[in-house]
Amino acid sequence: MKKQLLVSVDRGETRVALLEASGKPSAAKPATRAKKPDPADGYRVAELYFERRGARSIVGNIYKGKVDNVLAGLEAAFVDIGLEKNGFLHVDEIVVPGVDVGRRGRGKEGGSKITELIKPGQEIVVQVVKDPLKSKGARLSMELTIAGRYMVYAPMGEGVGVSRRLEDRERDRLRRETKGLDLRGGGAIIRTAAHGAKRADFERELQYLFKLHDVLQKRVEETPAPGLVFQEADLSVRVVRDIFSEHFERAIVDDPKQHQRLVSFFTRTAPELVDRVELYEEKAPLFTAYGVDKVIDGLMTRRVDLPSGGYLIIDYAEALTVIDVNSGSFIGRGKGARLEDTITTTNLEAAEEVVNQLRLRDIGGIIVIDFIDMARARNRDAVLKTLRKTLDDDRTKTFTAEISKLGLVEMTRQNVTEGVREIISRPCPTCNGDGVIKSEETIAIEIERRLRVLTKKAPKKHEAFLVQCNPRVSAVFTGNAKRVLHALEEETGRRFHFTGSEGLPLDHFDILMEGSRDEVQERAVPFREGDEVLVHIVEPHMYDVDDAVAKIDGYIISVAGGGRFVGAKRLVRIDHAGRTSATATMLDAPPPEVDAAATTTPADDDDGDGVESTTRRRGRRGGRRRRPVAAESSATPASES
């Protein structure tokens with residue numbers, strides 16, 4: 001499969017995108033001088049990697065740590081490595097030369113207990129194998145490894161292993177090439193990127209890895225615990241080192257310094273690939289030109305559409321990720337389409353897209369896929385086969401169970417670092433990541449309860465109250481002919497006025513004023529008769545098509561003769577102002593016979609205020625609220641006296 005690698009470097013962020021041949025190139029049209037061919041034609045974005053300054057992944061870093069606590073019941077220890085949270089070291093990851101360490105779940109009885117292997121206060125050298133995720137600290141191992149391009153050197157390991165992702169014939173060849181290598185008493189793992197490598201390549205790289213190990217040992221002796229003794233390469237070098245091979249057509253880098261770093265890296269490790277590293281010098285941003293930015297924007301959505309019309313819904317939970325498959329608008333193909341065929345087609349498309357999303361979003365941990373129920377066993381087998389075949393392209397370790405009777409597939413995917421979605425987003429400050437908030441009606445009911453309690457405690461001389469809340473909440477009281485408001489006032493014997501703006505939180509509640517009816521009304525009503533106000537007319541009147549409605553922070557203004565100017569800004573005079581609404585007359589309306597195209601709208605007005613430059617009547621402009629506010633659609637109540 002042909003692949004490309006894109007590396008984009010900004011001041012605070014480095015992004016890497018892996019593009020794979022989609023096998024479905026778009027219909028090729030002859031290139032013209034006016035329009036250049038799409039550079040990403042025939043490719044799709046398969047994987048994304050982000051790294052931000054000050055928040056680099058620490059996987060692969062080696063620390064000299066100090067054991068903080070040993071828990072025999074968990075067969076684990078917590079190690080202080082100088083980070084905010086202690087790292088977690090399981091007994092399986094402890095390596096002590098000459099000591100048999102018990103392995104949980106590996107069929108071995110006995111072995112040394114963790115309390116016999118390490119003690120609190122002991123200094124040990126550990127490597128991070130998993131980034132801190134959410135409330136958990138980093139996962140640690142004492143089995144150190146130093147990664148090269150073709151192989152991973154394990155100073156305390158033994159033997160030579162070969163990646164299982166390679167074909168059997170290539171694995172046998174690599175075993176022969178590496179047979180008899182001097183590993184200085186350690187071990188090595190031959191990587192997938194070593195496909196086609198010769199013995200000379202391994203010998204050259206081993207000398208480089210030995211030098212790194214010597215430097216590591218020297219730093220361990222000199223560095224006090226806790227402290228960092230070895231830092232992994234940055235994102236671009238790390239990704240290129242791990243996955244760039246002869247299958248890649250090219251690696252395109254938009255930063256000259258980073259381009260030079262990669263060229264230097266390949267010159268030292270794989271000279272034959274140096275020519276495939278290109279510097280991007282076009283005007284359009286690299287990720288925009290290749291369509292990667294659109295893919296990144298799509299990672300924030302729950303819904304992912306399928307080619308046939310079906311779709312996926314991806315829900316993230318603390319313990320697992322759930323992916324639901326829906327047929328959507330897909331009703332089958334042809335007159336003879338059957339339900340089972342329609343369902344199977346949707347599930348087959350979903351199986352491929354699920355894997356694509358797992359790789360793009362780097363979703364790890366437990367994953368449950370809810371396929372649409374299929375009656376035939378052979379169809380279920382076909383869907384599971386497609387899922388597993390697509391997973392072959394995923395470099396991350398996965399395990400997939402069979403489809404259950406409920407149509408569910410349970411699988412696990414190794415969770416090493418935070419996914420792209422977690423890096424580019426944060427929990428919603430309104431819902432705290434729950435995805436739901438209280439409705440306007442719920443908040444209004446709660447405010448109504450609080451007002452009942454308030455009026456019982458308030459002195460009798462306080463006849464009215466000025467309540468501040470979001471206009472969408474106050475609309476529950478003032479809408480529908482003010483039935484809720486009238487019922488509350490009749491029950492409490494008090495009068496309530498509402499004020500507020502859309503900028504207030506939905507659950508905001510405050511009492512701005514208490515007093516007599518006249519005092520509160522004087523402050524609460526925003527306009528007076530005769531005030532001239534610039535308003536944004538937002539919708540036609542409910543009962544009279546010639547009139548229209550404007551809203552300012554929830555206060556409704558019925559504009560006589562404004563039906564022709566919905567969407568425009570106009571100067572009006574307040575004829576009558578009540579508690580929750582007012583009536584007004586147009587002041588700057590052109591004659592009715594003027595063509596609609598000649599009327600001024602906000603987009604047409606040269607001054608940008610949406611008001612025609614005609615002779616205006618002098619007078620007060622806007623009372624105590626002069627700014628026009630775009631309104632939301634709402635029912636228009638009758639004006640009150």
# chains A, B, ... in the order shown; residues from 1 in each chain; ligands from 1

$ residues_around --residues "Gly73 (chain A)" --least-positions-apart "4" --cutoff "12 Å" --atoms "only C-alpha atoms" --output "compact mmCIF listing (two decimals) with N, CA, C and O atoms, in the first residue's frame"
# COMPACT_ATOMS: atom_id res chain seq x y z
N ALA A 77 4.19 -1.02 42.66
CA ALA A 77 4.84 0.03 43.43
C ALA A 77 4.59 1.36 42.74
O ALA A 77 4.38 1.42 41.52
N HIS A 90 4.33 -2.25 37.84
CA HIS A 90 3.79 -3.56 38.20
C HIS A 90 4.93 -4.57 38.33
O HIS A 90 6.00 -4.42 37.74
N VAL A 91 4.67 -5.64 39.11
CA VAL A 91 5.70 -6.65 39.35
C VAL A 91 6.16 -7.29 38.04
O VAL A 91 7.32 -7.70 37.92
N LYS A 113 8.32 -12.21 45.75
CA LYS A 113 7.26 -11.22 45.93
C LYS A 113 7.83 -9.84 45.69
O LYS A 113 9.03 -9.59 45.82
N ILE A 114 6.93 -8.91 45.36
CA ILE A 114 7.39 -7.56 45.02
C ILE A 114 8.06 -6.89 46.21
O ILE A 114 8.99 -6.09 46.04
N THR A 115 7.64 -7.24 47.43
CA THR A 115 8.26 -6.64 48.62
C THR A 115 9.69 -7.12 48.82
O THR A 115 10.45 -6.50 49.57

$ atom_distance --atom1 "CA of Met156 (chain A)" --atom2 "CA of Ile118 (chain A)"
17.3 Å

$ select_by_dssp --residues "region 147-322 of chain A" --states "strand (DSSP E)" --output "MDAnalysis selection string"
chainID A and resid 147 151:154 159:162 187:190 227:230 248:253 277:279 303:305 311:316 320:322

$ residues_around --residues "region 484-490 of chain A" --least-positions-apart "4" --cutoff "10 Å" --atoms "only C-alpha atoms" --output "compact mmCIF listing (two decimals) with N, CA and C atoms, in the first residue's frame"
# COMPACT_ATOMS: atom_id res chain seq x y z
N ALA A 444 -36.65 27.46 34.82
CA ALA A 444 -37.77 28.35 35.14
C ALA A 444 -38.59 27.80 36.31
N ILE A 445 -38.80 26.49 36.33
CA ILE A 445 -39.54 25.88 37.43
C ILE A 445 -38.77 26.05 38.74
N GLU A 448 -39.13 29.58 39.86
CA GLU A 448 -40.48 29.78 40.40
C GLU A 448 -40.55 29.31 41.85
N ARG A 449 -39.94 28.17 42.16
CA ARG A 449 -39.91 27.68 43.54
C ARG A 449 -39.18 28.67 44.46
N LEU A 451 -38.78 31.86 44.02
CA LEU A 451 -39.56 33.08 44.18
C LEU A 451 -40.68 32.89 45.20
N ARG A 452 -41.27 31.70 45.25
CA ARG A 452 -42.31 31.43 46.25
C ARG A 452 -41.72 31.54 47.66
N ALA A 464 -43.15 44.29 44.71
CA ALA A 464 -42.66 43.84 43.40
C ALA A 464 -41.17 43.50 43.48
N SER A 474 -36.67 33.57 31.12
CA SER A 474 -37.80 34.45 31.42
C SER A 474 -38.91 34.30 30.40
N ALA A 475 -38.58 33.85 29.17
CA ALA A 475 -39.61 33.65 28.15
C ALA A 475 -40.61 32.57 28.58
N VAL A 476 -40.18 31.64 29.45
CA VAL A 476 -41.11 30.63 29.95
C VAL A 476 -42.20 31.29 30.79
N PHE A 477 -41.84 32.37 31.51
CA PHE A 477 -42.83 33.09 32.32
C PHE A 477 -43.68 34.02 31.47
N THR A 478 -43.04 34.73 30.53
CA THR A 478 -43.74 35.78 29.79
C THR A 478 -44.40 35.29 28.52
N GLY A 479 -44.03 34.11 28.04
CA GLY A 479 -44.64 33.59 26.84
C GLY A 479 -45.99 32.95 27.11
N ASN A 480 -46.63 32.51 26.03
CA ASN A 480 -47.92 31.82 26.13
C ASN A 480 -48.93 32.65 26.93
N ARG A 494 -47.61 39.11 44.76
CA ARG A 494 -46.54 40.06 44.42
C ARG A 494 -46.46 40.19 42.89
N ARG A 495 -45.71 41.17 42.45
CA ARG A 495 -45.54 41.42 41.02
C ARG A 495 -44.07 41.20 40.66
N PHE A 496 -43.82 40.60 39.50
CA PHE A 496 -42.45 40.26 39.10
C PHE A 496 -42.13 40.86 37.73
N HIS A 497 -40.97 41.48 37.64
CA HIS A 497 -40.44 41.98 36.38
C HIS A 497 -39.14 41.21 36.09

$ atom_distance --atom1 "CA of Val253 (chain A)" --atom2 "CA of Arg52 (chain A)"
17.0 Å
